[in-house]
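Peer 1: My questions will all concern the structure given below.
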There are 2 protein chains.
Amino acid sequence: MSRLDSFIRRLTAQRDILNTIAPAIDHLKGPILELGLGNGRTFDHLRELFPDRRIVAFDRAALAYDHSMPDEGNLILGEIQETAQDFVGIGAALAHADIGTGYADKDAITLTWLPQVMAGVLASRGVAISGLPLDHADLEPLALPTGINEGRYFLYRRR
Amino acid sequence: MSRLDSFIRRLTAQRDILNTIAPAIDHLKGPILELGLGNGRTFDHLRELFPDRRIVAFDRAALAYDHSMPDEGNLILGEIQETAQDFVGIGAALAHADIGTGYADKDAITLTWLPQVMAGVLASRGVAISGLPLDHADLEPLALPTGINEGRYFLYRRR
């Protein structure tokens, strides 16, 4: 499978998981966190799914398209590893992180801190959606929506 | 529709058009040109579809993933507007360009030179696939594969 095919499947998995989870977190209070704003495509989708929620986005730099840029108080710039740590305990209903690089050595470094941060920012029963696997005692894996292959995207609920 | 939805549809259109066109250019000689290597996803797909063809990729800088990087003779670095001009007359069987930015003012500048370059590099009956519309007397629009909306991607044959 080409990287183009694989990328389409990964983005589709991301989108389908977000759509599936949206009604399932309706009853939870708390903001939504987007770790890795990038060019803002997923932020734009989150904004459509959750028009009434605070959505906080994190990235090293503000690189999103103009119309997909969070307002100032909801864009946290700096190394995500450090900035997201300040949000541990905020009780997020949902946290999404698509910050894998495709390079195993770089992703291994991300995975030294990401599972703890993702578990830490969530409310109890809050949901973590991630492009990288999150191995953490407080994160219980959830079944993926139909049609998404195991390992293409990862879905958890905070205990 | 969110930008994530729109992006998935655009990449899917790109992939489906490439797959549809691949057998249709079998009888044509000439290389394949990829204007805008980016991180190399589409190059990787082209390499799978056309394992025996020369594929020449253009970009400002070499930013592709290691395993999707063309070898040195087939990666042309510099402003595409200038470097691709040197390939006018090469008689390419296929040229693909996905170099739209989503900003109308920037894309308008690209469209001052892209149609002429795309028409110029192609052999007669060669195919142009583009994320931006190519208005050029030598480029005849082709029908898109089933399921792709008009305007999402563009397909032409050189007269």
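Just remember, in the structure tokens the first chain shown is A, the second B, etc., residues are 1-based per chain, and ligands are 1-based in the order shown.
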Within 7 Å of chain B, which residues belong to chain A? Use only C-alpha atoms and report them as a list of chain:residue names.
Peer 2: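 That gives the following set of residues: A:Ser2, A:Arg3, A:Leu4, A:Ile8, A:Leu11, A:Thr12, A:Arg41, A:Thr42, A:Asp44, A:His45, A:Glu48.
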Peer 1: Pick out the residues sitting within 10 Å of Leu134 (chain A), and hand them over as a list of chain:residue names; count only C-alpha atoms, and ignore anything fewer than 6 positions along from it in its own chain.
Peer 2: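 That gives A:Leu111, A:Thr112, A:Trp113, A:Leu114, A:Pro115, A:Gln116, A:Met118, A:Ala119, A:Ala128, A:Glu140, A:Pro141, A:Phe154, A:Leu155, A:Tyr156.
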Peer 1: From a DSSP pass on the backbone, collect the residues of region 91-151 of chain B flagged as alpha helix (DSSP H) and hand them back as a count of residues only.
Peer 2: 15
Peer 1: Residues at most 12 Å from Phe50 (chain B), counting only C-alpha atoms, excluding those fewer than 6 positions away in the same chain, as a list in words?
Peer 2: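 Within the cut-off, the hits are Leu18, Asn19, Ile21, Ala22, Pro23, Ala24, Ile25, Asp26, Lys29, Gly30, Pro31, Ile32, Leu33, Thr42, Phe43, Asp44, Ala93 and Leu94 of chain B.
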Peer 1: Let me see the file: selected residues, C-alpha atoms, as a short mmCIF file (atom, residue, chain, number, x, y, z; two decimals), in the first residue's frame.
Peer 2:
data_model
loop_
_atom_site.label_atom_id
_atom_site.label_comp_id
_atom_site.auth_asym_id
_atom_site.auth_seq_id
_atom_site.Cartn_x
_atom_site.Cartn_y
_atom_site.Cartn_z
CA LEU B 18 -4.07 8.48 -10.70
CA ASN B 19 -5.29 4.88 -10.49
CA ILE B 21 -5.23 7.09 -15.59
CA ALA B 22 -2.34 4.68 -15.03
CA PRO B 23 -3.40 2.03 -17.56
CA ALA B 24 -4.54 4.74 -20.00
CA ILE B 25 -1.01 6.07 -20.46
CA ASP B 26 0.66 2.68 -20.83
CA LYS B 29 6.54 6.86 -23.76
CA GLY B 30 8.11 9.55 -21.67
CA PRO B 31 8.68 10.22 -18.00
CA ILE B 32 6.27 11.22 -15.28
CA LEU B 33 6.60 14.60 -13.62
CA THR B 42 2.03 11.06 -3.97
CA PHE B 43 5.50 10.30 -5.32
CA ASP B 44 5.34 7.02 -3.41
CA ALA B 93 3.38 10.88 -20.41
CA LEU B 94 1.90 12.29 -17.22
#
Peer 1: Quick one: residues within 6 Å of Arg159 (chain B), only C-alpha atoms counted, chain neighbours fewer than 5 positions away excluded, as a PDB file with all heavy atoms, in the first residue's frame?
Peer 2:
ATOM      1  N   SER B 124       2.240  14.855 -26.772  1.00  0.00           N
ATOM      2  CA  SER B 124       0.894  14.854 -27.337  1.00  0.00           C
ATOM      3  C   SER B 124       0.147  13.629 -26.793  1.00  0.00           C
ATOM      4  O   SER B 124       0.691  12.526 -26.768  1.00  0.00           O
ATOM      5  CB  SER B 124       0.982  14.799 -28.862  1.00  0.00           C
ATOM      6  OG  SER B 124      -0.316  14.690 -29.396  1.00  0.00           O
ATOM      7  N   ARG B 125      -1.054  13.820 -26.313  1.00  0.00           N
ATOM      8  CA  ARG B 125      -1.902  12.802 -25.671  1.00  0.00           C
ATOM      9  C   ARG B 125      -1.478  12.509 -24.229  1.00  0.00           C
ATOM     10  O   ARG B 125      -2.068  11.640 -23.580  1.00  0.00           O
ATOM     11  CB  ARG B 125      -1.977  11.468 -26.453  1.00  0.00           C
ATOM     12  CG  ARG B 125      -2.177  11.619 -27.953  1.00  0.00           C
ATOM     13  CD  ARG B 125      -3.350  12.462 -28.339  1.00  0.00           C
ATOM     14  NE  ARG B 125      -4.645  11.826 -28.142  1.00  0.00           N
ATOM     15  CZ  ARG B 125      -5.805  12.475 -28.083  1.00  0.00           C
ATOM     16  NH1 ARG B 125      -5.834  13.789 -28.176  1.00  0.00           N
ATOM     17  NH2 ARG B 125      -6.928  11.833 -27.903  1.00  0.00           N
ATOM     18  N   ASP B 138      -4.061  24.068 -25.282  1.00  0.00           N
ATOM     19  CA  ASP B 138      -3.570  22.736 -25.637  1.00  0.00           C
ATOM     20  C   ASP B 138      -4.038  21.644 -24.682  1.00  0.00           C
ATOM     21  O   ASP B 138      -3.732  20.467 -24.894  1.00  0.00           O
ATOM     22  CB  ASP B 138      -2.036  22.720 -25.677  1.00  0.00           C
ATOM     23  CG  ASP B 138      -1.499  23.542 -26.831  1.00  0.00           C
ATOM     24  OD1 ASP B 138      -2.243  23.780 -27.799  1.00  0.00           O
ATOM     25  OD2 ASP B 138      -0.321  23.962 -26.759  1.00  0.00           O
TER      26      ASP B 138
END
Peer 1: Of the candidates A:Ile17, A:Ile76, A:Ala97, A:Asp86, which shows the shortest atom-to-atom distance to Asn149 (chain A), using only C-alpha atoms?
Peer 2: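 With only C-alpha atoms as the atom set, the closest residue is A:Ile17.
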Peer 1: How would you write, as a PyMOL selection string, the set of residues in region 5-80 of chain A that DSSP gives as strand (DSSP E or B)?
Peer 2: chain A and resi 32-35+55-59+75-77
Peer 1: Please produce a file of the residues just selected, as a short mmCIF file (atom, residue, chain, number, x, y, z; two decimals), in the first residue's frame, where the atoms kept are all heavy atoms.
Peer 2:
data_model
loop_
_atom_site.label_atom_id
_atom_site.label_comp_id
_atom_site.auth_asym_id
_atom_site.auth_seq_id
_atom_site.Cartn_x
_atom_site.Cartn_y
_atom_site.Cartn_z
N ILE A 32 -12.28 20.53 25.05
CA ILE A 32 -11.65 19.57 24.14
C ILE A 32 -10.24 20.06 23.87
O ILE A 32 -10.02 21.27 23.68
CB ILE A 32 -12.49 19.48 22.85
CG1 ILE A 32 -13.77 18.73 23.17
CG2 ILE A 32 -11.72 18.81 21.72
CD1 ILE A 32 -14.82 18.84 22.12
N LEU A 33 -9.29 19.15 23.87
CA LEU A 33 -7.90 19.53 23.62
C LEU A 33 -7.41 18.91 22.32
O LEU A 33 -7.63 17.71 22.07
CB LEU A 33 -7.02 19.05 24.80
CG LEU A 33 -6.82 20.04 25.96
CD1 LEU A 33 -8.14 20.57 26.47
CD2 LEU A 33 -6.02 19.39 27.08
N GLU A 34 -6.75 19.73 21.51
CA GLU A 34 -6.18 19.26 20.25
C GLU A 34 -4.66 19.44 20.35
O GLU A 34 -4.15 20.56 20.26
CB GLU A 34 -6.77 20.07 19.08
CG GLU A 34 -6.02 20.00 17.76
CD GLU A 34 -6.11 18.65 17.05
OE1 GLU A 34 -6.35 17.63 17.71
OE2 GLU A 34 -5.91 18.64 15.83
N LEU A 35 -3.95 18.32 20.54
CA LEU A 35 -2.49 18.39 20.67
C LEU A 35 -1.87 18.28 19.28
O LEU A 35 -1.90 17.21 18.67
CB LEU A 35 -1.98 17.27 21.59
CG LEU A 35 -2.01 17.58 23.09
CD1 LEU A 35 -3.41 17.82 23.59
CD2 LEU A 35 -1.35 16.46 23.90
N ILE A 55 -12.41 24.70 22.73
CA ILE A 55 -11.42 23.80 22.14
C ILE A 55 -10.06 24.49 22.26
O ILE A 55 -9.85 25.58 21.72
CB ILE A 55 -11.72 23.51 20.66
CG1 ILE A 55 -13.16 22.98 20.51
CG2 ILE A 55 -10.71 22.51 20.10
CD1 ILE A 55 -13.59 22.76 19.06
N VAL A 56 -9.15 23.84 22.98
CA VAL A 56 -7.81 24.39 23.18
C VAL A 56 -6.83 23.63 22.30
O VAL A 56 -6.78 22.40 22.34
CB VAL A 56 -7.38 24.27 24.66
CG1 VAL A 56 -6.04 24.98 24.88
CG2 VAL A 56 -8.45 24.83 25.58
N ALA A 57 -6.08 24.35 21.49
CA ALA A 57 -5.13 23.72 20.58
C ALA A 57 -3.71 24.07 20.99
O ALA A 57 -3.43 25.18 21.44
CB ALA A 57 -5.40 24.16 19.15
N PHE A 58 -2.81 23.11 20.80
CA PHE A 58 -1.40 23.25 21.18
C PHE A 58 -0.53 23.04 19.95
O PHE A 58 -0.77 22.15 19.15
CB PHE A 58 -1.02 22.18 22.21
CG PHE A 58 -1.80 22.25 23.48
CD1 PHE A 58 -3.12 21.80 23.53
CD2 PHE A 58 -1.24 22.76 24.63
CE1 PHE A 58 -3.86 21.86 24.71
CE2 PHE A 58 -1.96 22.81 25.82
CZ PHE A 58 -3.27 22.37 25.85
N ASP A 59 0.50 23.84 19.84
CA ASP A 59 1.52 23.55 18.82
C ASP A 59 2.76 24.37 19.10
O ASP A 59 2.73 25.31 19.89
CB ASP A 59 0.99 23.82 17.41
CG ASP A 59 1.56 22.84 16.38
OD1 ASP A 59 2.68 22.32 16.58
OD2 ASP A 59 0.88 22.57 15.38
N LEU A 75 -5.09 29.04 21.92
CA LEU A 75 -3.95 28.52 21.17
C LEU A 75 -2.73 28.65 22.08
O LEU A 75 -2.33 29.75 22.45
CB LEU A 75 -3.74 29.32 19.88
CG LEU A 75 -2.50 28.94 19.07
CD1 LEU A 75 -2.55 27.47 18.68
CD2 LEU A 75 -2.38 29.82 17.83
N ILE A 76 -2.18 27.48 22.44
CA ILE A 76 -1.09 27.46 23.40
C ILE A 76 0.19 27.10 22.65
O ILE A 76 0.36 25.97 22.19
CB ILE A 76 -1.35 26.40 24.50
CG1 ILE A 76 -2.79 26.52 25.04
CG2 ILE A 76 -0.31 26.50 25.61
CD1 ILE A 76 -3.09 27.83 25.72
N LEU A 77 1.07 28.07 22.52
CA LEU A 77 2.27 27.87 21.71
C LEU A 77 3.47 27.47 22.57
O LEU A 77 3.62 27.93 23.70
CB LEU A 77 2.60 29.15 20.94
CG LEU A 77 1.55 29.57 19.90
CD1 LEU A 77 1.97 30.87 19.21
CD2 LEU A 77 1.33 28.46 18.88
#
Peer 1: Which residue gives the smallest distance to Met69 (chain A) among A:His27, A:Asp135, A:His96, A:Gly38, with only C-alpha atoms counted?
Peer 2: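 When distances to Met69 (chain A) are compared using only C-alpha atoms, the smallest one comes from A:Gly38.
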Peer 1: What does the structure give for the distance between CA of Ala143 (chain B) and CA of Gly120 (chain B), in Å to one decimal?
Peer 2: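 If I compute the distance from CA of Ala143 (chain B) to CA of Gly120 (chain B), I get 21.4 Å.
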Peer 1: Between CA of Ala123 (chain A) and CA of Ala61 (chain A), what is the distance in Å, rounded to a tenth?
Peer 2: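 We find that CA of Ala123 (chain A) and CA of Ala61 (chain A) lie 26.9 Å from each other.
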Peer 1: Would you compute the distance between CA of Gly78 (chain B) and CA of Val121 (chain B)? Give it in Å to one decimal.
Peer 2: 17.1 Å
